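Just model27.cif here, mmCIF, C-alpha atoms and all ligand atoms:
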```cif
data_start
loop_
_atom_site.label_atom_id
_atom_site.label_comp_id
_atom_site.auth_asym_id
_atom_site.auth_seq_id
_atom_site.Cartn_x
_atom_site.Cartn_y
_atom_site.Cartn_z
CA MET Q 1 78.29 103.03 152.56
CA THR Q 2 81.67 104.80 152.38
CA VAL Q 3 83.16 104.90 148.86
CA ALA Q 4 86.86 103.96 148.71
CA SER Q 5 89.24 106.79 147.76
CA ARG Q 6 91.64 106.03 144.88
CA GLU Q 7 94.43 104.87 147.23
CA ASN Q 8 92.00 102.71 149.22
CA VAL Q 9 90.65 100.78 146.25
CA ARG Q 10 90.98 97.06 146.91
CA ARG Q 11 91.05 94.24 144.35
CA PHE Q 12 88.80 91.23 144.74
CA ALA Q 13 88.02 88.20 142.58
CA VAL Q 14 84.47 86.89 142.64
CA CYS Q 15 83.67 83.57 140.98
CA TYR Q 16 80.24 82.21 140.16
CA SER Q 17 80.05 78.41 139.98
CA GLY Q 18 77.07 76.14 139.40
CA GLY Q 19 75.51 76.05 142.86
CA SER Q 20 72.08 77.51 143.33
CA GLY Q 21 72.02 81.09 144.63
CA ILE Q 22 73.44 83.30 141.89
CA ALA Q 23 71.63 86.19 143.62
CA TYR Q 24 74.26 86.08 146.39
CA GLY Q 25 77.05 86.47 143.85
CA ILE Q 26 75.34 89.29 141.98
CA ARG Q 27 74.61 91.23 145.15
CA LEU Q 28 78.17 90.80 146.45
CA VAL Q 29 79.69 92.25 143.28
CA GLU Q 30 77.16 95.08 143.30
CA VAL Q 31 78.08 96.07 146.87
CA LEU Q 32 81.85 95.82 146.26
CA LEU Q 33 81.63 97.97 143.13
CA ASP Q 34 79.35 100.45 144.85
CA ALA Q 35 81.97 100.79 147.59
CA GLY Q 36 84.52 101.71 144.90
CA HIS Q 37 86.51 98.48 144.82
CA GLU Q 38 87.85 96.63 141.77
CA VAL Q 39 86.20 93.30 141.06
CA HIS Q 40 87.49 90.55 138.76
CA LEU Q 41 84.57 88.34 137.84
CA CYS Q 42 84.53 84.87 136.30
CA ALA Q 43 81.85 82.18 136.02
CA THR Q 44 81.97 78.48 135.27
CA GLY Q 45 79.82 77.09 132.47
CA ALA Q 46 77.43 75.68 135.06
CA GLY Q 47 77.41 79.06 136.80
CA LEU Q 48 76.14 80.56 133.55
CA ARG Q 49 73.46 77.85 133.35
CA VAL Q 50 72.33 78.78 136.86
CA LEU Q 51 72.30 82.44 135.81
CA LEU Q 52 69.91 81.49 133.03
CA HIS Q 53 67.64 79.46 135.30
CA GLU Q 54 67.64 81.80 138.29
CA ALA Q 55 68.02 85.25 136.71
CA GLY Q 56 66.73 84.59 133.19
CA MET Q 57 69.97 85.81 131.64
CA SER Q 58 71.59 83.99 128.72
CA VAL Q 59 75.36 84.49 128.35
CA ASP Q 60 77.89 83.37 125.72
CA PRO Q 61 80.52 81.36 127.69
CA ASP Q 62 83.32 82.52 125.39
CA ARG Q 63 82.43 86.20 125.76
CA PRO Q 64 80.50 86.40 129.02
CA ASP Q 65 78.83 89.80 129.13
CA LEU Q 66 78.38 89.72 132.88
CA ALA Q 67 78.81 93.49 133.11
CA SER Q 68 75.22 93.91 132.00
CA LEU Q 69 74.15 92.46 135.37
CA PHE Q 70 75.20 95.73 136.96
CA GLU Q 71 74.16 99.35 136.62
CA PRO Q 72 76.35 101.29 134.12
CA ARG Q 73 77.64 103.59 136.90
CA LEU Q 74 79.19 100.53 138.62
CA ARG Q 75 80.93 98.97 135.65
CA SER Q 76 84.16 100.99 135.41
CA ARG Q 77 85.92 98.90 138.07
CA LEU Q 78 84.52 95.56 136.90
CA ARG Q 79 86.75 93.19 134.90
CA VAL Q 80 85.04 90.13 133.46
CA HIS Q 81 87.15 87.11 132.46
CA ALA Q 82 86.30 83.99 130.49
CA LEU Q 83 86.69 80.71 132.36
CA ALA Q 84 89.41 79.53 130.00
CA ALA Q 85 91.47 82.72 130.47
CA VAL Q 86 94.04 81.18 132.79
CA GLU Q 87 96.37 84.08 131.98
CA ALA Q 88 93.92 86.61 133.45
CA THR Q 89 94.72 88.72 136.52
CA PRO Q 90 93.23 86.40 139.19
CA ALA Q 91 95.47 83.55 137.98
CA SER Q 92 98.62 85.28 139.21
CA GLY Q 93 99.85 85.59 142.76
CA SER Q 94 101.60 88.86 141.91
CA ALA Q 95 98.48 90.61 140.60
CA GLY Q 96 97.45 91.97 143.98
CA ILE Q 97 94.10 90.26 144.28
CA GLU Q 98 93.44 90.51 147.99
CA ALA Q 99 90.72 87.92 148.35
CA VAL Q 100 88.79 85.41 146.26
CA VAL Q 101 85.14 84.57 146.86
CA VAL Q 102 83.46 81.61 145.17
CA VAL Q 103 79.75 82.35 145.45
CA PRO Q 104 77.73 80.28 144.91
CA CYS Q 105 80.14 77.36 145.21
CA SER Q 106 78.98 74.06 143.72
CA MET Q 107 80.06 70.79 145.30
CA GLY Q 108 82.04 70.06 142.13
CA THR Q 109 84.05 73.29 142.25
CA LEU Q 110 84.47 72.90 146.01
CA ALA Q 111 85.93 69.41 145.52
CA ARG Q 112 88.27 70.54 142.78
CA ILE Q 113 89.54 73.52 144.80
CA ALA Q 114 90.04 71.29 147.86
CA HIS Q 115 92.22 68.98 145.76
CA GLY Q 116 94.14 71.61 143.81
CA PHE Q 117 92.86 70.88 140.30
CA SER Q 118 93.34 74.47 139.02
CA SER Q 119 91.84 73.39 135.70
CA ASN Q 120 90.11 76.72 134.95
CA LEU Q 121 90.32 80.35 136.08
CA VAL Q 122 87.92 79.89 139.02
CA GLU Q 123 89.86 76.95 140.46
CA ARG Q 124 93.19 78.63 139.72
CA ALA Q 125 92.15 81.91 141.43
CA ALA Q 126 91.15 79.94 144.53
CA ASP Q 127 94.38 77.92 144.41
CA VAL Q 128 96.42 81.13 144.20
CA ALA Q 129 94.63 82.58 147.24
CA LEU Q 130 95.50 79.45 149.22
CA LYS Q 131 99.13 79.33 148.14
CA GLU Q 132 99.62 83.05 148.84
CA GLY Q 133 97.92 82.81 152.24
CA ARG Q 134 95.22 85.26 151.17
CA THR Q 135 91.54 85.19 151.99
CA LEU Q 136 89.53 82.53 150.18
CA VAL Q 137 85.82 82.44 150.95
CA VAL Q 138 83.72 79.61 149.55
CA VAL Q 139 79.94 79.82 149.82
CA PRO Q 140 78.77 76.23 149.31
CA ARG Q 141 75.16 75.46 148.60
CA GLU Q 142 73.74 71.96 148.64
CA THR Q 143 71.32 70.02 150.79
CA PRO Q 144 71.56 67.43 152.18
CA LEU Q 145 75.35 67.22 152.41
CA SER Q 146 77.09 63.90 151.85
CA ALA Q 147 80.11 62.79 153.85
CA LEU Q 148 82.20 63.58 150.77
CA HIS Q 149 80.90 67.17 150.64
CA LEU Q 150 81.63 67.59 154.36
CA LYS Q 151 85.08 66.04 153.97
CA ASN Q 152 85.98 68.46 151.18
CA MET Q 153 84.77 71.40 153.25
CA LEU Q 154 86.94 70.23 156.14
CA VAL Q 155 89.94 69.99 153.80
CA LEU Q 156 89.36 73.60 152.74
CA ALA Q 157 88.78 74.86 156.29
CA ARG Q 158 92.03 73.20 157.38
CA LEU Q 159 93.84 74.90 154.49
CA GLY Q 160 92.68 78.23 155.87
CA ALA Q 161 89.70 78.91 153.61
CA VAL Q 162 86.56 80.44 155.06
CA VAL Q 163 83.71 77.98 154.49
CA LEU Q 164 80.63 80.21 154.66
CA PRO Q 165 77.54 78.21 153.66
CA ALA Q 166 74.60 80.02 152.11
CA MET Q 167 72.56 79.65 155.31
CA PRO Q 168 70.72 82.88 156.07
CA GLY Q 169 69.60 83.48 159.63
CA PHE Q 170 66.11 84.65 160.44
CA TYR Q 171 66.71 86.66 163.62
CA HIS Q 172 66.89 89.92 161.65
CA ARG Q 173 63.26 89.29 160.66
CA PRO Q 174 63.67 89.13 156.86
CA ALA Q 175 60.64 90.36 154.97
CA THR Q 176 61.92 89.79 151.44
CA VAL Q 177 64.20 87.48 149.50
CA GLU Q 178 66.60 90.44 149.27
CA ASP Q 179 66.82 90.51 153.08
CA LEU Q 180 67.84 86.83 153.09
CA VAL Q 181 70.41 87.41 150.35
CA ASP Q 182 71.85 90.42 152.19
CA PHE Q 183 72.26 88.37 155.36
CA VAL Q 184 74.68 86.00 153.60
CA VAL Q 185 76.38 88.77 151.60
CA GLY Q 186 76.86 90.74 154.82
CA LYS Q 187 78.68 87.75 156.31
CA ILE Q 188 80.96 87.59 153.27
CA LEU Q 189 81.69 91.33 153.46
CA ASP Q 190 82.59 90.93 157.13
CA ARG Q 191 85.20 88.32 156.21
CA LEU Q 192 86.56 90.64 153.50
CA ARG Q 193 86.67 93.46 156.07
CA VAL Q 194 84.54 95.63 153.83
CA GLU Q 195 82.42 98.06 155.81
CA HIS Q 196 78.70 97.78 155.09
CA ALA Q 197 75.28 98.48 156.46
CA ILE Q 198 73.25 96.05 154.37
CA VAL Q 199 72.19 94.03 157.42
CA ARG Q 200 71.16 95.35 160.80
CA ARG Q 201 73.58 93.85 163.29
CA TRP Q 202 72.35 92.01 166.32
CA GLY Q 203 72.28 94.41 169.25
CA ALA Q 204 72.15 97.51 167.01
CA SER Q 205 69.40 100.10 167.43
CA SER Q 206 65.78 98.90 167.38
CA PRO Q 207 66.56 95.20 167.66
CA PRO Q 208 63.68 92.82 167.25
CA ALA Q 209 62.25 91.54 170.51
CA SER Q 210 64.39 88.63 171.63
CA PRO Q 211 62.89 85.54 173.22
CA TRP Q 212 65.99 85.31 175.43
CA THR Q 213 65.54 88.85 176.72
CA GLU Q 214 61.95 88.07 177.66
CA ASP Q 215 63.08 84.98 179.60
CA GLU Q 216 65.67 86.98 181.50
CA GLU Q 217 63.17 89.62 182.69
C1 LIG Q 301 69.63 75.49 138.35
C2 LIG Q 301 70.74 74.64 138.89
C3 LIG Q 301 70.94 74.59 140.26
C4 LIG Q 301 71.97 73.81 140.79
N1 LIG Q 301 72.17 73.82 142.13
C5 LIG Q 301 73.25 73.20 142.65
C6 LIG Q 301 73.57 73.35 144.03
O1 LIG Q 301 72.89 74.02 144.80
N2 LIG Q 301 74.71 72.77 144.48
C7 LIG Q 301 75.54 72.03 143.66
O2 LIG Q 301 76.58 71.57 144.12
N3 LIG Q 301 75.23 71.85 142.34
C8 LIG Q 301 74.11 72.42 141.82
N4 LIG Q 301 73.83 72.28 140.49
C9 LIG Q 301 74.62 71.34 139.69
C10 LIG Q 301 75.95 71.93 139.27
O3 LIG Q 301 75.74 73.08 138.50
C11 LIG Q 301 76.73 70.86 138.48
O4 LIG Q 301 77.18 69.84 139.36
C12 LIG Q 301 77.90 71.42 137.72
O5 LIG Q 301 78.59 70.37 137.05
C13 LIG Q 301 78.89 72.16 138.59
O6 LIG Q 301 79.89 72.69 137.77
P1 LIG Q 301 80.94 73.76 138.27
O7 LIG Q 301 81.47 73.28 139.56
O8 LIG Q 301 81.95 73.78 137.18
O9 LIG Q 301 80.25 75.06 138.38
C14 LIG Q 301 72.79 73.05 139.92
C15 LIG Q 301 72.58 73.10 138.55
C16 LIG Q 301 71.57 73.89 138.03
C17 LIG Q 301 71.37 73.97 136.55
#
```
Structure re-expressed in structure tokens:
Amino acid sequence: MTVASRENVRRFAVCYSGGSGIAYGIRLVEVLLDAGHEVHLCATGAGLRVLLHEAGMSVDPDRPDLASLFEPRLRSRLRVHALAAVEATPASGSAGIEAVVVVPCSMGTLARIAHGFSSNLVERAADVALKEGRTLVVVPRETPLSALHLKNMLVLARLGAVVLPAMPGFYHRPATVEDLVDFVVGKILDRLRVEHAIVRRWGASSPPASPWTEDEE
């Protein structure tokens, strides 16, 4: 992956809420930092509970030490904010945050973003992205989906947000959980226009045999 030069450093906000799939959020931040970008990170209380259940990491909500999720060499461009810090950088439209990604996005946070609650830093960061016409990517995770969940996703899509469900494909022949995670993270990076090579693209060299190709021959 190409590392951004100083003038090409971009600022992103990544928010972890209480949906399952914290691995997607961790991997996204890792790749963005590794590419040399600045990442502002915030988690909801439920997001921290999921972190405990899915990654075995216990975090103080008032002083979330999320930096320890990442290798020391990656931490210099990471800024971690408490959920209550509504004065933090991602809360302001003038701070130059280019895009906000809520990953994983719980149905609760999704609903509150769709209806403009802005009651904590995660919801406010998303609200700012919408009002400024910047990229907002939400990565919802729930199954099955109720009509209310679908309605809230439609509200967000109509407001211009990218609704990118945590639905990995299998055509790249994943062999590990990491391959499945990278499939979804690759899709997010594409929407952020961040160059990456974490997933082999369909049609790239050595593609897996395609059932469609066989039919055509
Ligand atoms: C381990 C774990 C997994 C969860 N998975 C989901 C999920 O996939 N989707 C969802 O909407 N809520 C899920 N929840 C429930 C949410 O965390 C809960 O509704 C919470 O209130 C959401 O709060 P938040 O939106 O402030 O993060 C999960 C909770 C836990 C502890």
Stretch 30-47 of chain Q surroundings by only C-alpha atoms, 7 Å radius, close-in-sequence under 2 positions cut, as an mmCIF file with C-alpha atoms, in the coordinates of the input:
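As written to disk, selection-v4.cif reads:
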```cif
data_model
loop_
_atom_site.group_PDB
_atom_site.id
_atom_site.type_symbol
_atom_site.label_atom_id
_atom_site.label_comp_id
_atom_site.auth_asym_id
_atom_site.auth_seq_id
_atom_site.Cartn_x
_atom_site.Cartn_y
_atom_site.Cartn_z
ATOM 1 C CA MET Q 1 78.290 103.030 152.560
ATOM 2 C CA THR Q 2 81.670 104.800 152.380
ATOM 3 C CA VAL Q 3 83.160 104.900 148.860
ATOM 4 C CA ALA Q 4 86.860 103.960 148.710
ATOM 5 C CA VAL Q 9 90.650 100.780 146.250
ATOM 6 C CA ARG Q 10 90.980 97.060 146.910
ATOM 7 C CA ARG Q 11 91.050 94.240 144.350
ATOM 8 C CA PHE Q 12 88.800 91.230 144.740
ATOM 9 C CA ALA Q 13 88.020 88.200 142.580
ATOM 10 C CA VAL Q 14 84.470 86.890 142.640
ATOM 11 C CA CYS Q 15 83.670 83.570 140.980
ATOM 12 C CA TYR Q 16 80.240 82.210 140.160
ATOM 13 C CA SER Q 17 80.050 78.410 139.980
ATOM 14 C CA GLY Q 18 77.070 76.140 139.400
ATOM 15 C CA ILE Q 26 75.340 89.290 141.980
ATOM 16 C CA ARG Q 27 74.610 91.230 145.150
ATOM 17 C CA LEU Q 28 78.170 90.800 146.450
ATOM 18 C CA ARG Q 49 73.460 77.850 133.350
ATOM 19 C CA VAL Q 50 72.330 78.780 136.860
ATOM 20 C CA LEU Q 51 72.300 82.440 135.810
ATOM 21 C CA PRO Q 61 80.520 81.360 127.690
ATOM 22 C CA PHE Q 70 75.200 95.730 136.960
ATOM 23 C CA LEU Q 74 79.190 100.530 138.620
ATOM 24 C CA ARG Q 77 85.920 98.900 138.070
ATOM 25 C CA LEU Q 78 84.520 95.560 136.900
ATOM 26 C CA ARG Q 79 86.750 93.190 134.900
ATOM 27 C CA VAL Q 80 85.040 90.130 133.460
ATOM 28 C CA HIS Q 81 87.150 87.110 132.460
ATOM 29 C CA ALA Q 82 86.300 83.990 130.490
ATOM 30 C CA LEU Q 83 86.690 80.710 132.360
ATOM 31 C CA VAL Q 122 87.920 79.890 139.020
#
```
Would you compute the distance between atom N2 of ligand LIG 301 (chain Q) and atom CA of Q:Arg141? Give it in Å to one decimal.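 Result for atom N2 of ligand LIG 301 (chain Q) versus atom CA of Q:Arg141: 4.9 Å, one decimal.
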What is the atom CA of Q:Asn120 to atom CA of Q:Ile188 distance in Å?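 Those two atoms sit 23.2 Å apart.
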State, in Å with one decimal place, the distance from atom CA of Q:Val184 to atom CA of Q:Ile22.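 Interatomic distance, atom CA of Q:Val184 to atom CA of Q:Ile22: 12.1 Å.
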All residues 12 Å or closer to Q:Ser118, all atoms listed in the file, same chain fewer than 5 positions away omitted, as a PyMOL selection string: chain Q and resi 83-84+86+90-91+109-113+123-131
Determine, counting all atoms listed in the file, every residue of protein, DNA or RNA that lies within 12 Å of (64.7, 88.9, 158.7) in the file coordinates, then give the result as number ranges by chain. Q: 168-184, 198-202, 207-208
Exercise: Q:Ser146 partners within 12 Å, only C-alpha atoms, chain neighbours under 6 positions left out, as JSON, numbers by chain: {"Q": [107, 152, 153]}
Of the residues Q:Ala95, Q:Asp65, Q:Cys105, Q:Asn8, which is the one nearest to ligand LIG 301 (chain Q), using all atoms listed in the file?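 Closest to ligand LIG 301 (chain Q) of all the choices is Q:Cys105.
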Quick one: of Q:His115, Q:His53, Q:Lys151, Q:Arg193, who's nearest to ligand LIG 301 (chain Q), counting all atoms listed in the file?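 Checking each candidate against ligand LIG 301 (chain Q), we get Q:His53 as the closest.
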